[in-house]
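Note sheet for the following structure.
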Amino acid sequence: MDLETFRWLLTDDGQRLIDTATHAYADAGADPLRATAAVRRVESDPDRAAAALTVVALRVRAVPKFGPDAVSMYFSPDALEQATRRRVADHRAARLAAAQPSSVVDLGCGIGGDLIAFARAGLVAAGVDLDPVRVAMAEANLAALGLEGAAMATDATRMDLAPFGAVFADPARRGARGRIFDQDGWTPSWDFVTALLARPEGSGAVVKVAPGIPHALVPEGVEAEWVSDEGEVKEAALWSSGLATTSRRATVISGAGLASLTAEDDPYAGRDRPVRPLGQHLYEPDGAVIRAGLVTAVAAGVEGGLLDPHIAYVTSDKSFRSPFMRAYYVIDELPFREKQLRAALAERNVGPLTIKKRGVDVVPEQLRKRLALTGDEEATIVLTRIDGVGRALLVRPF
């Protein structure tokens, strides 16, 4: 939608139309055609009607990211996709607030997801973005949630950032053809990012980057933190030297809380990876732990080792629970060949089957279909490689 239409939505008439669209969307069972017909009966302007319906539809889509706040916020489709999940943004804001910067500026604030988190954490926060519609949405979202903060449409690369105690940036990593994996194609550029991370002492910078960022790309003295939410890796963040407390960190967030594992927790750093034979238990490190290169820290924590030096499965004879991994009891080793594997599972009356795999060329959905199991028992198998040889393990989560 354009800026004029969005600003109209913030008027009393616009708010009434959004209320109408909300009821129409619910009454239509989220059917867009029926909802559109209902809204057009009360609003003849097609742009305004479409804008109101877009607000409502995106609020529904935003609930997994923003929770109850989503029902009063404003989004555009691409900005919602790029926005940080609330729990991740809240973690970053709390960590930044602990450093007590005088203020923080969000470069490329989008619809204000991180700006909201900074304001909630008690920081004096401002945001900038090239897109005036996103800026207007960020302002409206702050107001809707009763938070202080400011936003303006400008080019972040031309700003004087010296007055701000901290800077946060989330470079755009999407172009006309989709996601951009090469950092040289980011906006702002990688050179701009590295300049932010080299800010003088007494100021700091945090830059959100893709989880796949190579370790070798992280500048010296900068901390790289990989963050997962409910087991799904969401992002990596680079913390400048003034804010860094380690070189690599894995942070895992769940409904139970938050936990971090750092390079200092890994006694095998700089040493050969510990490899041992299959034990009674198998541990699958969280994706953030794997990205951070801290699998051997998990191995040390369970008094075990890796099944293979190149594969992120850990084994031990001891039973542990940890937020940094999923734990399985090893029941049996099954044949790796498909025909014999099917026979072994059928003999155990297996039907519903969870397939975990790492280090082998297997598509779980396709294999499950080919196995065509019809039994009543649920089971989990792990397909992996040990010493270069394919192995199939029957396991039970605990």
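In the structure tokens, chains take letters A, B, ... by order of appearance, with residues numbered from 1 within each chain and ligands from 1 in the order shown.
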
- [ ] Excluding Ala300 of chain A and any residue of its chain fewer than 5 positions from it, enumerate the residues within 9 Å of it, using only C-alpha atoms, and give them as number ranges by chain.
- [x] A: 265-268, 274, 295, 305

If you count only C-alpha atoms, which residues fall within 8 Å of Ala327 of chain A, apart from same-chain ones fewer than 6 positions away, as a compact mmCIF listing (two decimals) with N, CA and C atoms, in the first residue's frame?
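Final file, out36.txt:
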```
# COMPACT_ATOMS: atom_id res chain seq x y z
N HIS A 281 23.43 -43.92 24.56
CA HIS A 281 22.63 -42.74 24.28
C HIS A 281 23.19 -41.98 23.09
N LEU A 282 22.28 -41.35 22.36
CA LEU A 282 22.64 -40.52 21.21
C LEU A 282 22.11 -39.12 21.46
N TYR A 283 22.92 -38.10 21.18
CA TYR A 283 22.52 -36.72 21.40
C TYR A 283 22.64 -35.94 20.10
N GLU A 284 21.59 -35.19 19.79
CA GLU A 284 21.54 -34.37 18.58
C GLU A 284 21.63 -32.90 18.99
N PHE A 320 21.80 -37.71 29.99
CA PHE A 320 21.77 -36.29 30.32
C PHE A 320 20.58 -35.63 29.64
N ARG A 321 20.12 -34.54 30.23
CA ARG A 321 19.15 -33.65 29.58
C ARG A 321 19.77 -32.27 29.53
N PRO A 397 13.26 -41.14 21.98
CA PRO A 397 13.52 -39.87 22.66
C PRO A 397 13.26 -39.97 24.15
N PHE A 398 14.02 -39.23 24.92
CA PHE A 398 13.71 -39.15 26.36
C PHE A 398 14.01 -37.75 26.88
```

- [ ] Tell me which of A:Leu33, A:Leu383, A:Ala98, A:Pro211 sits closest to Val363 of chain A, counting only C-alpha atoms.
- [x]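 The answer is A:Leu383, which sits nearest to Val363 of chain A.
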
- [ ] Find the distance between atom CA of Asp45 of chain A and atom CA of His23 of chain A and write it in Å to one decimal.
- [x] 18.7 Å

Each residue of segment 201-256 of chain A with at least one atom at most 10 Å from segment 73-84 of chain A should appear once, together with its nearest atom pair and the corresponding distance in Å (one decimal); atoms considered: only C-alpha atoms; ordering: chain, then increasing residue number; output as a tab-separated table.
```
residue	atom	partner	partner_atom	distance
A:Lys208	CA	A:Thr84	CA	9.4
A:Lys234	CA	A:Thr84	CA	8.4
A:Glu235	CA	A:Thr84	CA	8.8
```

Task: Shell around Thr374 of chain A at 10 Å using only C-alpha atoms, local window under 4 positions removed, as an NGL selection string - done: :A and (345-346 or 349-352)

Just want the 10 Å neighbourhood of Arg391 of chain A, counted on only C-alpha atoms, with same-chain residues fewer than 5 positions away dropped. Output as a PDB file with N, CA and C atoms, in the first residue's frame.
```pdb
ATOM      1  N   GLU A 333      20.599 -51.426  16.635  1.00  0.00           N
ATOM      2  CA  GLU A 333      21.112 -51.040  15.322  1.00  0.00           C
ATOM      3  C   GLU A 333      20.421 -51.916  14.280  1.00  0.00           C
ATOM      4  N   LEU A 334      19.859 -51.276  13.251  1.00  0.00           N
ATOM      5  CA  LEU A 334      19.111 -51.964  12.209  1.00  0.00           C
ATOM      6  C   LEU A 334      19.912 -52.003  10.912  1.00  0.00           C
ATOM      7  N   PRO A 335      19.509 -52.848   9.968  1.00  0.00           N
ATOM      8  CA  PRO A 335      20.200 -52.865   8.673  1.00  0.00           C
ATOM      9  C   PRO A 335      20.060 -51.514   7.974  1.00  0.00           C
ATOM     10  N   PHE A 336      21.109 -51.079   7.306  1.00  0.00           N
ATOM     11  CA  PHE A 336      21.072 -49.798   6.610  1.00  0.00           C
ATOM     12  C   PHE A 336      20.424 -49.924   5.235  1.00  0.00           C
ATOM     13  N   ARG A 337      20.564 -51.093   4.610  1.00  0.00           N
ATOM     14  CA  ARG A 337      19.954 -51.284   3.288  1.00  0.00           C
ATOM     15  C   ARG A 337      18.444 -51.237   3.389  1.00  0.00           C
ATOM     16  N   VAL A 360      24.182 -38.509   5.344  1.00  0.00           N
ATOM     17  CA  VAL A 360      23.828 -39.508   4.331  1.00  0.00           C
ATOM     18  C   VAL A 360      22.862 -38.881   3.333  1.00  0.00           C
ATOM     19  N   VAL A 382      17.556 -43.168  13.235  1.00  0.00           N
ATOM     20  CA  VAL A 382      18.596 -42.207  12.883  1.00  0.00           C
ATOM     21  C   VAL A 382      19.469 -42.843  11.813  1.00  0.00           C
ATOM     22  N   LEU A 383      19.553 -42.173  10.684  1.00  0.00           N
ATOM     23  CA  LEU A 383      20.412 -42.632   9.590  1.00  0.00           C
ATOM     24  C   LEU A 383      21.635 -41.720   9.544  1.00  0.00           C
ATOM     25  N   THR A 384      22.802 -42.305   9.661  1.00  0.00           N
ATOM     26  CA  THR A 384      24.016 -41.501   9.681  1.00  0.00           C
ATOM     27  C   THR A 384      25.177 -42.325   9.154  1.00  0.00           C
ATOM     28  N   ARG A 385      26.370 -41.774   9.303  1.00  0.00           N
ATOM     29  CA  ARG A 385      27.573 -42.442   8.827  1.00  0.00           C
ATOM     30  C   ARG A 385      28.574 -42.499   9.979  1.00  0.00           C
ATOM     31  N   ILE A 386      29.168 -43.667  10.153  1.00  0.00           N
ATOM     32  CA  ILE A 386      30.204 -43.854  11.157  1.00  0.00           C
ATOM     33  C   ILE A 386      31.401 -44.470  10.462  1.00  0.00           C
TER      34      ILE A 386
END
```

Task: Å distance separating atom CA of Ile111 of chain A from atom CA of Gly202 of chain A, one decimal place - done: 28.8 Å

Open item on the list: Please identify the strand (DSSP E) residues within segment 196-242 of chain A (assignment by DSSP from backbone atoms) and present them as a list in words.
Closed with: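 Strand (DSSP E) members of segment 196-242 of chain A, listed: Gly204, Ala205, Val206, Val207, Lys208, Val209, Glu223, Ala224, Glu225, Trp226, Val227, Ser228, Asp229, Glu232, Val233, Lys234, Glu235, Ala236, Ala237, Leu238 and Trp239 of chain A.
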